[in-house]
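Novice: As input, take coords_12.tsv (TSV, N, CA and C atoms):
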chain	number	residue	atom	x	y	z
B	1	MET	N	28.26	-49.81	-5.06
B	1	MET	CA	29.54	-49.13	-4.94
B	1	MET	C	29.91	-49.08	-3.46
B	2	TRP	N	31.20	-49.30	-3.19
B	2	TRP	CA	31.70	-49.31	-1.82
B	2	TRP	C	32.23	-47.93	-1.44
B	3	PHE	N	31.78	-47.42	-0.32
B	3	PHE	CA	32.27	-46.16	0.22
B	3	PHE	C	32.96	-46.47	1.53
B	4	PRO	N	34.28	-46.28	1.60
B	4	PRO	CA	34.98	-46.63	2.83
B	4	PRO	C	34.58	-45.74	3.99
B	5	THR	N	34.47	-46.36	5.15
B	5	THR	CA	34.23	-45.60	6.37
B	5	THR	C	35.56	-45.01	6.83
B	6	GLU	N	35.52	-44.18	7.83
B	6	GLU	CA	36.74	-43.63	8.39
B	6	GLU	C	37.62	-44.76	8.93
B	7	GLU	N	37.00	-45.74	9.57
B	7	GLU	CA	37.76	-46.88	10.10
B	7	GLU	C	38.41	-47.67	8.96
B	8	ASP	N	37.71	-47.85	7.85
B	8	ASP	CA	38.29	-48.52	6.69
B	8	ASP	C	39.53	-47.75	6.21
B	9	ALA	N	39.40	-46.44	6.13
B	9	ALA	CA	40.49	-45.59	5.66
B	9	ALA	C	41.70	-45.69	6.59
B	10	VAL	N	41.46	-45.69	7.89
B	10	VAL	CA	42.55	-45.83	8.86
B	10	VAL	C	43.24	-47.17	8.66
B	11	GLN	N	42.47	-48.23	8.51
B	11	GLN	CA	43.02	-49.57	8.30
B	11	GLN	C	43.85	-49.64	7.02
B	12	ILE	N	43.31	-49.12	5.94
B	12	ILE	CA	44.01	-49.15	4.65
B	12	ILE	C	45.31	-48.35	4.73
B	13	PHE	N	45.22	-47.16	5.28
B	13	PHE	CA	46.41	-46.31	5.33
B	13	PHE	C	47.45	-46.90	6.28
B	14	ALA	N	47.03	-47.48	7.39
B	14	ALA	CA	47.98	-48.09	8.32
B	14	ALA	C	48.74	-49.22	7.64
B	15	ARG	N	48.06	-50.05	6.89
B	15	ARG	CA	48.72	-51.15	6.19
B	15	ARG	C	49.72	-50.62	5.15
B	16	HIS	N	49.31	-49.60	4.41
B	16	HIS	CA	50.18	-49.02	3.40
B	16	HIS	C	51.40	-48.36	4.06
B	17	PHE	N	51.17	-47.57	5.09
B	17	PHE	CA	52.24	-46.84	5.77
B	17	PHE	C	53.23	-47.80	6.42
B	18	GLU	N	52.71	-48.88	7.00
B	18	GLU	CA	53.58	-49.87	7.64
B	18	GLU	C	54.41	-50.61	6.59
B	19	ALA	N	53.81	-50.92	5.46
B	19	ALA	CA	54.55	-51.58	4.39
B	19	ALA	C	55.65	-50.68	3.83
B	20	LYS	N	55.39	-49.41	3.78
B	20	LYS	CA	56.36	-48.46	3.22
B	20	LYS	C	57.49	-48.15	4.20
B	21	HIS	N	57.16	-47.98	5.49
B	21	HIS	CA	58.14	-47.51	6.46
B	21	HIS	C	58.59	-48.56	7.47
B	22	ARG	N	57.98	-49.72	7.42
B	22	ARG	CA	58.35	-50.87	8.27
B	22	ARG	C	58.47	-50.50	9.75
B	23	GLY	N	59.61	-50.81	10.36
B	23	GLY	CA	59.77	-50.68	11.80
B	23	GLY	C	59.57	-49.28	12.36
B	24	GLY	N	59.81	-48.27	11.56
B	24	GLY	CA	59.66	-46.91	12.04
B	24	GLY	C	58.29	-46.30	11.77
B	25	SER	N	57.38	-47.10	11.25
B	25	SER	CA	56.10	-46.55	10.79
B	25	SER	C	55.24	-45.98	11.91
B	26	ALA	N	55.14	-46.67	13.04
B	26	ALA	CA	54.30	-46.18	14.13
B	26	ALA	C	54.89	-44.90	14.71
B	27	THR	N	56.21	-44.87	14.86
B	27	THR	CA	56.87	-43.67	15.39
B	27	THR	C	56.66	-42.50	14.44
B	28	LEU	N	56.83	-42.74	13.16
B	28	LEU	CA	56.65	-41.69	12.17
B	28	LEU	C	55.20	-41.18	12.17
B	29	ALA	N	54.25	-42.08	12.31
B	29	ALA	CA	52.84	-41.67	12.36
B	29	ALA	C	52.57	-40.81	13.60
B	30	ARG	N	53.16	-41.18	14.74
B	30	ARG	CA	52.97	-40.38	15.97
B	30	ARG	C	53.65	-39.01	15.84
B	31	GLU	N	54.81	-38.97	15.18
B	31	GLU	CA	55.47	-37.68	14.95
B	31	GLU	C	54.61	-36.78	14.07
B	32	THR	N	54.00	-37.38	13.06
B	32	THR	CA	53.10	-36.63	12.18
B	32	THR	C	51.92	-36.10	12.99
B	33	ALA	N	51.37	-36.94	13.85
B	33	ALA	CA	50.25	-36.52	14.71
B	33	ALA	C	50.67	-35.33	15.57
B	34	GLY	N	51.86	-35.40	16.14
B	34	GLY	CA	52.35	-34.31	16.99
B	34	GLY	C	52.49	-33.01	16.23
B	35	ARG	N	53.02	-33.08	15.02
B	35	ARG	CA	53.15	-31.86	14.20
B	35	ARG	C	51.78	-31.26	13.88
B	36	LEU	N	50.82	-32.12	13.59
B	36	LEU	CA	49.48	-31.63	13.29
B	36	LEU	C	48.85	-30.96	14.51
B	37	LYS	N	49.07	-31.56	15.67
B	37	LYS	CA	48.52	-30.98	16.91
B	37	LYS	C	49.13	-29.60	17.17
B	38	GLU	N	50.44	-29.49	16.94
B	38	GLU	CA	51.11	-28.20	17.12
B	38	GLU	C	50.52	-27.12	16.21
B	39	ARG	N	50.06	-27.51	15.04
B	39	ARG	CA	49.45	-26.57	14.09
B	39	ARG	C	47.98	-26.32	14.36
B	40	GLY	N	47.44	-27.02	15.35
B	40	GLY	CA	46.03	-26.83	15.69
B	40	GLY	C	45.08	-27.75	14.95
B	41	ASP	N	45.61	-28.72	14.23
B	41	ASP	CA	44.76	-29.67	13.49
B	41	ASP	C	44.46	-30.86	14.39
B	42	HIS	N	43.47	-30.70	15.24
B	42	HIS	CA	43.14	-31.73	16.23
B	42	HIS	C	42.50	-32.96	15.60
B	43	GLU	N	41.77	-32.79	14.53
B	43	GLU	CA	41.18	-33.94	13.84
B	43	GLU	C	42.28	-34.78	13.17
B	44	GLY	N	43.21	-34.11	12.52
B	44	GLY	CA	44.35	-34.81	11.92
B	44	GLY	C	45.17	-35.53	12.97
B	45	TYR	N	45.35	-34.89	14.12
B	45	TYR	CA	46.07	-35.49	15.24
B	45	TYR	C	45.40	-36.79	15.68
B	46	LYS	N	44.08	-36.75	15.82
B	46	LYS	CA	43.36	-37.96	16.26
B	46	LYS	C	43.47	-39.07	15.23
B	47	ILE	N	43.33	-38.75	13.96
B	47	ILE	CA	43.37	-39.78	12.93
B	47	ILE	C	44.77	-40.38	12.83
B	48	TRP	N	45.82	-39.57	12.84
B	48	TRP	CA	47.18	-40.12	12.76
B	48	TRP	C	47.51	-40.97	13.98
B	49	ASN	N	46.98	-40.62	15.14
B	49	ASN	CA	47.18	-41.49	16.31
B	49	ASN	C	46.45	-42.81	16.13
B	50	ARG	N	45.28	-42.77	15.51
B	50	ARG	CA	44.57	-44.03	15.23
B	50	ARG	C	45.35	-44.87	14.24
B	51	VAL	N	45.95	-44.23	13.24
B	51	VAL	CA	46.79	-44.95	12.27
B	51	VAL	C	47.96	-45.60	13.01
B	52	ALA	N	48.62	-44.85	13.90
B	52	ALA	CA	49.74	-45.40	14.67
B	52	ALA	C	49.29	-46.57	15.53
B	53	ASP	N	48.15	-46.45	16.18
B	53	ASP	CA	47.62	-47.55	17.00
B	53	ASP	C	47.38	-48.79	16.14
B	54	LYS	N	46.79	-48.59	14.97
B	54	LYS	CA	46.50	-49.70	14.07
B	54	LYS	C	47.80	-50.36	13.59
B	55	ILE	N	48.81	-49.56	13.29
B	55	ILE	CA	50.11	-50.11	12.88
B	55	ILE	C	50.68	-50.98	14.00
B	56	GLU	N	50.63	-50.48	15.22
B	56	GLU	CA	51.14	-51.25	16.35
B	56	GLU	C	50.38	-52.57	16.50
B	57	ASN	N	49.07	-52.52	16.30
B	57	ASN	CA	48.28	-53.75	16.36
B	57	ASN	C	48.67	-54.72	15.26
B	58	LEU	N	48.86	-54.21	14.04
B	58	LEU	CA	49.26	-55.06	12.92
B	58	LEU	C	50.60	-55.73	13.19
B	59	ARG	N	51.54	-54.95	13.69
B	59	ARG	CA	52.87	-55.50	13.97
B	59	ARG	C	52.80	-56.53	15.09
B	60	GLN	N	51.98	-56.28	16.08
B	60	GLN	CA	51.82	-57.22	17.19
B	60	GLN	C	51.19	-58.52	16.69
B	61	ASP	N	50.18	-58.41	15.83
B	61	ASP	CA	49.53	-59.60	15.26
B	61	ASP	C	50.53	-60.43	14.46
B	62	ARG	N	51.37	-59.76	13.68
B	62	ARG	CA	52.37	-60.47	12.88
B	62	ARG	C	53.37	-61.20	13.76
B	63	ARG	N	53.80	-60.55	14.85
B	63	ARG	CA	54.74	-61.21	15.75
B	63	ARG	C	54.12	-62.44	16.39
B	64	LEU	N	52.84	-62.36	16.73
B	64	LEU	CA	52.16	-63.49	17.32
B	64	LEU	C	52.09	-64.66	16.33
B	65	VAL	N	51.75	-64.36	15.07
B	65	VAL	CA	51.69	-65.40	14.05
B	65	VAL	C	53.06	-66.03	13.85
B	66	GLN	N	54.10	-65.21	13.80
B	66	GLN	CA	55.46	-65.73	13.61
B	66	GLN	C	55.88	-66.61	14.79
B	67	ARG	N	55.57	-66.17	16.00
B	67	ARG	CA	55.92	-66.94	17.19
B	67	ARG	C	55.22	-68.28	17.21
B	68	ARG	N	53.94	-68.28	16.87
B	68	ARG	CA	53.19	-69.54	16.82
B	68	ARG	C	53.74	-70.48	15.76
B	69	ALA	N	54.14	-69.92	14.63
B	69	ALA	CA	54.70	-70.75	13.56
B	69	ALA	C	56.00	-71.39	14.03
B	70	MET	N	56.82	-70.65	14.76
B	70	MET	CA	58.08	-71.18	15.27
B	70	MET	C	57.83	-72.26	16.32
B	71	GLU	N	56.80	-72.07	17.15
B	71	GLU	CA	56.48	-73.05	18.18
B	71	GLU	C	56.00	-74.36	17.58
B	72	ASN	N	55.31	-74.27	16.45
B	72	ASN	CA	54.75	-75.47	15.80
B	72	ASN	C	55.73	-76.13	14.85
B	73	ALA	N	56.86	-75.50	14.61
B	73	ALA	CA	57.85	-76.07	13.66
B	73	ALA	C	58.64	-77.20	14.29
Written as structure tokens, that's how I'd like the structure from this file.
Specialist:
Amino acid sequence: MWFPTEEDAVQIFARHFEAKHRGGSATLARETAGRLKERGDHEGYKIWNRVADKIENLRQDRRLVQRRAMENA
């Protein structure tokens, strides 16, 4: 049986959140992190920032793939 690690969970949620919210996903994740920090939920703040970082990485990777595809066309 597979038990996801925290990093697995961040990766899975980042992909889902980005698919659902597209271009605004990283901003929305950072806003969520900020609200959690204001409430004193420092662990939630850290995780949502990791989700936002992962979303930004995913979007950057996709842009690189698209750019390379255009260069090779």
Novice: Please, what distance in Å, to one decimal, runs between CA of Lys37 (chain B) and CA of His21 (chain B)?
Specialist: 21.8 Å
Novice: Name the residues in contact with region 40-48 of chain B at a cut-off of 9 Å, using only C-alpha atoms, excluding same-chain residues fewer than 5 positions from it; report them as a PyMOL selection string.
Specialist: chain B and resi 6+10+29-35+53
Novice: Quote the spacing between CA of Arg59 (chain B) and CA of Arg39 (chain B) in Å to one decimal place.
Specialist: 29.1 Å
Novice: Determine which residues of chain B DSSP labels as alpha helix (DSSP H) from the backbone of this structure, then write them out as a VMD selection string.
Specialist: chain B and resid 6 to 21 25 to 38 42 to 72
Novice: Record the distance separating CA of Ala26 (chain B) and CA of Glu56 (chain B), expressed in Å with one decimal.
Specialist: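 Atom-to-atom, CA of Ala26 (chain B) and CA of Glu56 (chain B) are spaced 6.4 Å apart.
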Novice: So that I can check the surroundings of Gln11 (chain B), please list as a list in words every protein, DNA and RNA residue that reaches within 10 Å of it, counting only C-alpha atoms and ignoring chain neighbours fewer than 5 positions away.
Specialist: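 Those residues are Thr5, Glu6, His16, Phe17, Arg50, Val51, Lys54, Ile55 and Leu58 of chain B.
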